[in-house]
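Engineer: I am attaching a structure below and will ask some questions about it afterwards.
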Amino acid sequence: MPRLSLTAWIFVGMAAGIALGVAAPDWAKALAPVSAIFLRLIKSIIAPLLFGTLVAGIAGAGSVTTMGRIGVKAIVYFEIVTTIALFLGLAAVNLVKPGVGMNLVASESAAAPAKAADLSSILEHTFPASIIDAMAKGEVLQIVVFCFLFGAACAAIGEKARPVAELAESVAEVMFRYTKYVMYLAPFGVGAAIAVAVGSRGVASLVYLGKLIVTTYVAQILFVVVVLGAVIAIARIPLRRFYGSVKEPFLIAFSTASSEAALPTALQNMERFGVPKHIVGFVMPTGYSFNLDGSTLYLSLASVFIAQAAGIEMTLGQQLIMMLTLMLTSKGVAGVPRAAIVILGGTAASFHLPMEGVTMLLAIDAAMDMARTSVNVLGNCLATAVVARWEGVEFMSETPVQIR
């Protein structure tokens, strides 16, 4: 018999949790420790994973001056578009408010809401006094700042820092496998979390998750049509030819929920579209780490949804700081299984949002992973075309012409 995938087992766990919550609410509530154990394991991933991926990525890029004109243009484009995606997600979740009224009950360790603070204290708190203390407390933004500076120092030193960069790369690989092992427990953690939610609040709690799915898909569609559509118009990229080139990798990404599965087709099709090979070869892989439009949009939606579900009021300033944290921590983790959940868990812990909400979202993650992954691939295909146009490539003729 064919073996069930992890996603299928998560759906099985979710169905079992719903059934148990309806049939035996008291038994369902007793499963809270199972969910708590899974949450603790998720939190244990964050610090070493960020250190490994960020330091290895920055140190491996070499000196910033050697990245060249194409690299600078690509990074600028990535940051502009992902920032727009974050703000679109933030606007959607604040307009629709899909989590309001869910009454998510947090554990005592995570119940403290984020406290209001002025700008000076926020800026001061961003920089770590001790990286060990930041890792112990789960201060994600402090970890990110340290890793960026540490990685830049490794890149500046060059050959002498190669052992450190190789160590960071090894740590990243180990954490990828560690994350894979933790995710084997996801069906149990998800089933327990859903059982506790349904046993405590009834089947009505699932309506809020449905509202989040609808909000996510509508926001992703708006991003593609409005934002990416505007980019196509501004860059004067032929829409019909571009659609023909990206349709296949987009469908592969949507159906498999794997950006890696769509990469070979995306590379080949964008070269056929007329993007020079050296631009495709640099921009596309770099975009897989720095240009995750669909994932960043989803993260902004999901993080504020958890706050709404727990009844935690977050000011606009707190939400913007959280968006900055998400924008930084989402870099370099494209290869991590359930990367969005891992990043969301670290950010939720930093802002004292209940981790129980993260486990609830894992139950519907497969449905939303298809949308965000396909948008990620589409965004990276467009990025190669935009950078090529920025470099002077003309797409109007059948054979692209380099005009400068």
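Here, A, B, ... name the chains of the structure tokens in the order displayed, residue numbers run from 1 inside each chain, and ligands are numbered from 1 in the same displayed order.
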Near stretch 290-301 of chain A, counting only C-alpha atoms, which residues have an atom at most 6 Å away, once you skip same-chain residues fewer than 2 positions from it, shown as a list in words?
Structural biologist: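 Here the qualifying residues turn out to be Phe78, Thr82, Ala85, Leu86, Gly89, Leu90, Val93, Gly287, Tyr288, Ser303, Val304, Lys331, Arg372, Val375 and Asn376 of chain A.
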Engineer: What's the 10 Å shell around A:Ala15, counting only C-alpha atoms, without same-chain residues fewer than 5 positions away, as a JSON list (two decimals) with N, CA and C atoms, in the first residue's frame?
Structural biologist:
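What follows is the written file around19.json:
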[["chain", "number", "residue", "atom", "x", "y", "z"],
["A", 9, "TRP", "N", -1.11, 12.78, 6.98],
["A", 9, "TRP", "CA", -1.20, 12.40, 8.39],
["A", 9, "TRP", "C", -1.66, 13.58, 9.26],
["A", 10, "ILE", "N", -1.25, 14.79, 8.88],
["A", 10, "ILE", "CA", -1.71, 15.97, 9.62],
["A", 10, "ILE", "C", -3.22, 16.12, 9.49],
["A", 20, "LEU", "N", -12.73, 13.69, 18.41],
["A", 20, "LEU", "CA", -12.60, 13.50, 19.85],
["A", 20, "LEU", "C", -13.15, 14.70, 20.62],
["A", 21, "GLY", "N", -12.92, 15.91, 20.09],
["A", 21, "GLY", "CA", -13.43, 17.10, 20.76],
["A", 21, "GLY", "C", -14.94, 17.14, 20.82],
["A", 190, "VAL", "N", -0.95, 18.60, 16.27],
["A", 190, "VAL", "CA", -2.12, 19.24, 15.65],
["A", 190, "VAL", "C", -3.41, 18.61, 16.15],
["A", 191, "GLY", "N", -3.45, 17.28, 16.17],
["A", 191, "GLY", "CA", -4.65, 16.59, 16.64],
["A", 191, "GLY", "C", -5.00, 16.97, 18.06],
["A", 194, "ILE", "N", -6.29, 20.72, 18.13],
["A", 194, "ILE", "CA", -7.65, 20.82, 17.61],
["A", 194, "ILE", "C", -8.64, 20.20, 18.59],
["A", 195, "ALA", "N", -8.26, 19.08, 19.19],
["A", 195, "ALA", "CA", -9.14, 18.43, 20.16],
["A", 195, "ALA", "C", -9.41, 19.33, 21.35],
["A", 363, "ALA", "N", -2.73, 23.07, 11.42],
["A", 363, "ALA", "CA", -3.80, 22.18, 10.94],
["A", 363, "ALA", "C", -4.29, 22.57, 9.55]]
Engineer: Could you write out, as number ranges by chain, all the residues of stretch 169-288 of chain A that DSSP marks as alpha helix (DSSP H)?
Structural biologist: A: 169-183, 186-201, 205-222, 229-235, 239-256, 259-273, 277-288
Engineer: Between atom CA of A:Ala186 and atom CA of A:Leu6, what is the distance in Å, rounded to a tenth?
Structural biologist: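 Interatomic distance, atom CA of A:Ala186 to atom CA of A:Leu6: 8.2 Å.
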Engineer: One decimal, Å: what's the distance from atom CA of A:Tyr243 over to atom CA of A:Val218, could you say?
Structural biologist: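 Computing it gives 20.1 Å between the two atoms.
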Engineer: Give me the residues within 9 Å of A:Ala56 as a CSV table (one decimal) with N, CA and C atoms, in the first residue's frame, counting only C-alpha atoms and dropping any in the same chain fewer than 6 places off.
Structural biologist:
chain,number,residue,atom,x,y,z
A,151,GLY,N,27.7,37.5,10.4
A,151,GLY,CA,27.9,37.0,9.0
A,151,GLY,C,28.7,38.0,8.2
A,164,VAL,N,34.4,29.0,10.2
A,164,VAL,CA,33.2,29.5,10.9
A,164,VAL,C,32.0,29.4,9.9
A,165,ALA,N,32.2,29.8,8.7
A,165,ALA,CA,31.1,29.7,7.7
A,165,ALA,C,30.7,28.3,7.5
A,166,GLU,N,31.7,27.4,7.4
A,166,GLU,CA,31.4,25.9,7.2
A,166,GLU,C,30.6,25.4,8.4
A,167,LEU,N,31.0,25.8,9.6
A,167,LEU,CA,30.3,25.4,10.8
A,167,LEU,C,28.9,25.8,10.8
A,168,ALA,N,28.7,27.1,10.4
A,168,ALA,CA,27.3,27.6,10.4
A,168,ALA,C,26.5,26.8,9.3
A,169,GLU,N,27.1,26.5,8.2
A,169,GLU,CA,26.4,25.7,7.2
A,169,GLU,C,26.0,24.3,7.7
A,170,SER,N,27.0,23.8,8.5
A,170,SER,CA,26.7,22.4,9.0
A,170,SER,C,25.6,22.5,10.1
A,172,ALA,N,23.1,24.6,10.0
A,172,ALA,CA,21.9,24.8,9.3
A,172,ALA,C,21.4,23.5,8.7
Engineer: Determine, counting only C-alpha atoms, which protein, DNA and RNA residues have an atom within 12 Å of an atom of A:Val386; residues of the same chain fewer than 4 positions away are not included. Present the result as number ranges by chain.
Structural biologist: A: 70, 73-78, 81, 228, 230-238, 242, 270, 274-276, 279-280, 283-284, 379-382, 390-395
Engineer: When you count only C-alpha atoms, which of these residues is closest to A:Thr347: A:Val227, A:Leu206, A:Ile143, A:Ile364?
Structural biologist: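 The answer is A:Ile143, which sits nearest to A:Thr347.
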Engineer: When distances are computed from only C-alpha atoms, which of A:Pro163, A:Gly138, A:Gly158, A:Pro98 shows the smallest separation from A:Gly210?
Structural biologist: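 Between A:Pro163, A:Gly138, A:Gly158, A:Pro98, the residue approaching A:Gly210 most closely is A:Pro98.
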Engineer: Given the choices A:Gly345, A:Gly199, A:Gly244, A:Gly71, which gets closest to A:Ala388 if the distance is worked out from only C-alpha atoms?
Structural biologist: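 Closest to A:Ala388 of all the choices is A:Gly71.
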Engineer: Hey, which bits of stretch 167-217 of chain A sit within 12 Å of stretch 41-55 of chain A, and for each residue what's the closest pair of atoms and how far apart in Å (one decimal), counting only C-alpha atoms, rows by chain and increasing number, as a Markdown table?
Structural biologist:
| residue | atom | partner | partner_atom | distance |
| --- | --- | --- | --- | --- |
| A:Leu167 | CA | A:Gly52 | CA | 8.0 |
| A:Ala168 | CA | A:Gly52 | CA | 4.4 |
| A:Glu169 | CA | A:Gly52 | CA | 5.7 |
| A:Ser170 | CA | A:Gly52 | CA | 7.4 |
| A:Val171 | CA | A:Gly52 | CA | 5.2 |
| A:Ala172 | CA | A:Gly52 | CA | 4.3 |
| A:Glu173 | CA | A:Gly52 | CA | 8.0 |
| A:Val174 | CA | A:Leu49 | CA | 8.7 |
| A:Met175 | CA | A:Leu49 | CA | 5.7 |
| A:Phe176 | CA | A:Leu49 | CA | 7.7 |
| A:Arg177 | CA | A:Ile45 | CA | 10.6 |
| A:Tyr178 | CA | A:Ile45 | CA | 7.8 |
| A:Thr179 | CA | A:Ile45 | CA | 6.8 |
| A:Lys180 | CA | A:Ile45 | CA | 10.5 |
| A:Tyr181 | CA | A:Leu41 | CA | 10.1 |
| A:Val182 | CA | A:Leu41 | CA | 6.7 |
| A:Met183 | CA | A:Ile42 | CA | 8.7 |
| A:Tyr184 | CA | A:Leu41 | CA | 11.4 |
| A:Leu185 | CA | A:Leu41 | CA | 9.6 |
| A:Ala186 | CA | A:Ile42 | CA | 9.9 |
| A:Gly189 | CA | A:Leu41 | CA | 10.4 |
Engineer: Report, in Å with one decimal, the straight-line distance from atom CA of A:Leu326 to atom CA of A:Ile157.
Structural biologist: 28.7 Å
Engineer: Can you tell me, as JSON, numbers by chain, what residues are no more than 10 Å from A:Ile18 when counting only C-alpha atoms, ignoring any on the same chain fewer than 5 positions away?
Structural biologist: {"A": [12, 13, 23, 24, 25, 28, 191, 192, 193, 194, 195, 196, 197, 198, 199, 202, 203, 206]}
Engineer: Measuring between only C-alpha atoms, which one of A:Gln142, A:Thr215, A:Thr373, A:Ser5 shows the shortest distance to A:Pro187?
Structural biologist: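 That would be A:Ser5, the residue with the smallest distance to A:Pro187.
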Engineer: Which residue, A:Ala383, A:Ala134, A:Leu324, A:Val358, has the smallest gap to A:Val246 when you use only C-alpha atoms?
Structural biologist: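 Ranking A:Ala383, A:Ala134, A:Leu324, A:Val358 by distance to A:Val246, first place goes to A:Ala383.
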